[in-house]
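Right, one structure below, let's go through it.
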Amino acid sequence: MANMSSKEFFFIGISLASTQNNDSSVCVLDRDKRIVLLDKLYFTSDIELFLGQSPYVNKSSIAISVPHDNTLLEGKWRIHCKNYKMVDKAFKINRNDWTNRLSDRCASLFLNLKEEGINVCRFDINLLRQRYDLSAHYLQRTSLDCKSLQNALKVKFGFDELPENMLPASSLEAILGAMLAYDKSNGIITPQKIFDFEGLEVLA
């Protein structure tokens, strides 16, 4: 049984896409670790509206994913070689954001939440899956991987309210983020700080 000593009443996970062309998702857990909201967000204005208007945000703990930055890249080989690009004299540093590994989308918005006194952290989805022993057995974000992750959330972590039909990958990742916020706030786990990103700690 969790030590419900935290002051938060809701625990929010946000799986953030690097652009509005892909769906982001939000999950809200209550103090009984039950899902009270699971929804998709697309535009930056949707994220701003949720964080500014939702009654769940007050007295909540929030964990937000750090998305990888694939903008301005076309073609699979360019996306993969970005992580291994050699820097030499002919290479202009960060031209077209080439050296940016992570997206800073909505970073100032999340930092404002911290300054308002809300407990906010970031997470890397791959490291978080490892923390919960949910490492991908299939190619990540494929239908087989999503089905495996959804079944694990139902069987291993007791989310019986999840439907039989398959949820989007972003929704499943948002649930993991909400789990991190819940477990961290209630002393179930002690996450390790990996690094700082745009003024917020990235935990796993």
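Ordering of the structure tokens sets the chain letters (A, B, ...), residue numbers begin anew at 1 in every chain, and ligands are numbered from 1 in the order given.
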
Please identify all polymer residues within 6 Å of stretch 99-105 of chain A, counting only C-alpha atoms, omitting same-chain residues fewer than 3 positions from it, and present them as JSON, numbers by chain. {"A": [18, 67, 68, 69, 94]}

Go ahead and save the residues from that selection, with all heavy atoms, as an mmCIF file, in the first residue's frame.
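Listing of again_16.cif after writing:
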data_model
loop_
_atom_site.group_PDB
_atom_site.id
_atom_site.type_symbol
_atom_site.label_atom_id
_atom_site.label_comp_id
_atom_site.auth_asym_id
_atom_site.auth_seq_id
_atom_site.Cartn_x
_atom_site.Cartn_y
_atom_site.Cartn_z
ATOM 1 N N SER A 18 7.288 15.613 -30.609
ATOM 2 C CA SER A 18 8.183 16.722 -30.936
ATOM 3 C C SER A 18 7.506 17.772 -31.807
ATOM 4 O O SER A 18 7.924 18.933 -31.815
ATOM 5 C CB SER A 18 9.443 16.198 -31.640
ATOM 6 O OG SER A 18 9.093 15.507 -32.825
ATOM 7 N N PRO A 67 10.783 14.489 -25.850
ATOM 8 C CA PRO A 67 10.744 13.886 -27.190
ATOM 9 C C PRO A 67 12.052 14.094 -27.943
ATOM 10 O O PRO A 67 12.754 15.092 -27.741
ATOM 11 C CB PRO A 67 9.590 14.630 -27.868
ATOM 12 C CG PRO A 67 9.563 15.958 -27.197
ATOM 13 C CD PRO A 67 10.012 15.736 -25.772
ATOM 14 N N HIS A 68 12.372 13.148 -28.797
ATOM 15 C CA HIS A 68 13.530 13.293 -29.672
ATOM 16 C C HIS A 68 13.191 14.250 -30.808
ATOM 17 O O HIS A 68 12.061 14.295 -31.291
ATOM 18 C CB HIS A 68 13.953 11.930 -30.222
ATOM 19 C CG HIS A 68 14.509 11.026 -29.175
ATOM 20 N ND1 HIS A 68 15.823 11.077 -28.784
ATOM 21 C CD2 HIS A 68 13.917 10.055 -28.423
ATOM 22 C CE1 HIS A 68 16.032 10.181 -27.838
ATOM 23 N NE2 HIS A 68 14.896 9.552 -27.602
ATOM 24 N N ASP A 69 14.164 15.017 -31.212
ATOM 25 C CA ASP A 69 13.964 16.038 -32.233
ATOM 26 C C ASP A 69 14.333 15.479 -33.607
ATOM 27 O O ASP A 69 15.510 15.275 -33.912
ATOM 28 C CB ASP A 69 14.839 17.256 -31.918
ATOM 29 C CG ASP A 69 14.614 18.391 -32.898
ATOM 30 O OD1 ASP A 69 13.734 18.260 -33.756
ATOM 31 O OD2 ASP A 69 15.331 19.401 -32.806
ATOM 32 N N ASN A 94 25.376 23.222 -35.525
ATOM 33 C CA ASN A 94 23.930 23.307 -35.326
ATOM 34 C C ASN A 94 23.184 23.990 -36.475
ATOM 35 O O ASN A 94 22.125 24.574 -36.276
ATOM 36 C CB ASN A 94 23.601 24.024 -34.004
ATOM 37 C CG ASN A 94 22.292 23.526 -33.416
ATOM 38 O OD1 ASN A 94 21.910 22.384 -33.646
ATOM 39 N ND2 ASN A 94 21.595 24.367 -32.680
#

Env of A:Gln140: 12 Å cut, atoms = only C-alpha atoms, seq-sep filter 4 positions within chain, self excluded. Answer as a list in words. Ile125, Asn126, Arg129, Leu134, Ser135, Ala136, Leu144, Asp145, Cys146, Lys147, Ser148, Leu149, Ala169, Ser170 and Glu173 of chain A

Output file for the selection above: N, CA and C atoms, as a compact mmCIF listing (two decimals), in the first residue's frame:
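Printed below is out_39.txt as written:
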# COMPACT_ATOMS: atom_id res chain seq x y z
N ILE A 125 11.37 8.02 -22.16
CA ILE A 125 10.46 6.87 -22.18
C ILE A 125 11.22 5.54 -22.19
N ASN A 126 12.36 5.49 -22.87
CA ASN A 126 13.11 4.23 -22.92
C ASN A 126 13.66 3.86 -21.55
N ARG A 129 10.74 2.81 -19.23
CA ARG A 129 10.29 1.43 -19.47
C ARG A 129 11.24 0.43 -18.83
N LEU A 134 9.69 -2.98 -18.36
CA LEU A 134 8.78 -3.06 -19.50
C LEU A 134 9.54 -2.79 -20.80
N SER A 135 10.78 -3.25 -20.85
CA SER A 135 11.59 -3.04 -22.04
C SER A 135 10.92 -3.67 -23.25
N ALA A 136 11.10 -3.04 -24.40
CA ALA A 136 10.42 -3.49 -25.61
C ALA A 136 10.98 -4.84 -26.08
N LEU A 144 2.63 -4.71 -32.22
CA LEU A 144 2.97 -5.78 -31.29
C LEU A 144 3.53 -5.22 -29.98
N ASP A 145 4.36 -4.20 -30.08
CA ASP A 145 4.93 -3.59 -28.88
C ASP A 145 3.84 -2.93 -28.05
N CYS A 146 2.92 -2.21 -28.70
CA CYS A 146 1.84 -1.54 -27.97
C CYS A 146 0.93 -2.55 -27.29
N LYS A 147 0.62 -3.65 -27.99
CA LYS A 147 -0.24 -4.67 -27.39
C LYS A 147 0.43 -5.31 -26.18
N SER A 148 1.73 -5.57 -26.30
CA SER A 148 2.48 -6.15 -25.19
C SER A 148 2.51 -5.20 -24.00
N LEU A 149 2.77 -3.92 -24.26
CA LEU A 149 2.83 -2.93 -23.19
C LEU A 149 1.47 -2.75 -22.52
N ALA A 169 0.22 4.43 -28.92
CA ALA A 169 1.48 4.36 -28.17
C ALA A 169 1.62 5.55 -27.22
N SER A 170 1.20 6.73 -27.66
CA SER A 170 1.35 7.92 -26.81
C SER A 170 0.50 7.80 -25.54
N GLU A 173 2.34 5.52 -23.12
CA GLU A 173 3.49 6.21 -22.55
C GLU A 173 3.06 7.27 -21.54

Applying 9 Å and only C-alpha atoms, which residues near stretch 26-32 of chain A remain after dropping the ones on its own chain fewer than 2 positions away? List them as a PyMOL selection string. chain A and resi 4+8-16+24+34-41+56+170-179+182

DSSP on the backbone, strand (DSSP E or B) only: what residues of stretch 3-203 of chain A does that give? Format it as a VMD selection string. chain A and resid 10 to 15 24 to 29 35 to 41 60 to 65 68 102 119 to 123 193 to 197 200 to 203

Using only C-alpha atoms, please write the residues we just selected to a file, as a CSV table (one decimal), in the first residue's frame.
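Contents of result_17.csv, as written:
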chain,number,residue,atom,x,y,z
A,10,PHE,CA,-3.7,13.9,-9.0
A,11,PHE,CA,-0.7,12.5,-10.9
A,12,ILE,CA,-0.4,13.5,-14.5
A,13,GLY,CA,1.7,11.9,-17.2
A,14,ILE,CA,2.2,13.6,-20.6
A,15,SER,CA,3.7,11.9,-23.6
A,24,SER,CA,0.6,13.7,-27.7
A,25,SER,CA,-1.4,12.2,-24.8
A,26,VAL,CA,-2.2,12.9,-21.2
A,27,CYS,CA,-3.1,10.5,-18.4
A,28,VAL,CA,-4.4,11.5,-15.0
A,29,LEU,CA,-4.3,9.2,-12.0
A,35,ILE,CA,-7.2,6.4,-14.4
A,36,VAL,CA,-9.6,9.4,-14.3
A,37,LEU,CA,-8.6,10.9,-17.7
A,38,LEU,CA,-6.9,9.5,-20.8
A,39,ASP,CA,-6.9,11.8,-23.8
A,40,LYS,CA,-5.0,12.9,-26.9
A,41,LEU,CA,-3.5,16.3,-27.5
A,60,SER,CA,-0.8,17.6,-8.9
A,61,SER,CA,2.5,16.0,-9.7
A,62,ILE,CA,3.4,16.0,-13.4
A,63,ALA,CA,5.8,14.0,-15.4
A,64,ILE,CA,6.4,14.9,-19.1
A,65,SER,CA,8.4,13.0,-21.7
A,68,HIS,CA,13.5,13.3,-29.7
A,102,LEU,CA,16.0,16.5,-28.0
A,119,ASN,CA,5.9,19.4,-8.9
A,120,VAL,CA,7.1,18.9,-12.5
A,121,CYS,CA,9.7,16.6,-13.9
A,122,ARG,CA,10.7,15.1,-17.3
A,123,PHE,CA,11.4,11.5,-18.3
A,193,LYS,CA,18.3,12.1,-11.9
A,194,ILE,CA,19.8,11.6,-15.3
A,195,PHE,CA,20.3,15.1,-16.4
A,196,ASP,CA,18.7,18.6,-16.5
A,197,PHE,CA,16.8,19.7,-19.6
A,200,LEU,CA,13.8,20.6,-15.2
A,201,GLU,CA,15.2,17.3,-14.0
A,202,VAL,CA,14.9,14.3,-16.2
A,203,LEU,CA,14.3,11.3,-14.0
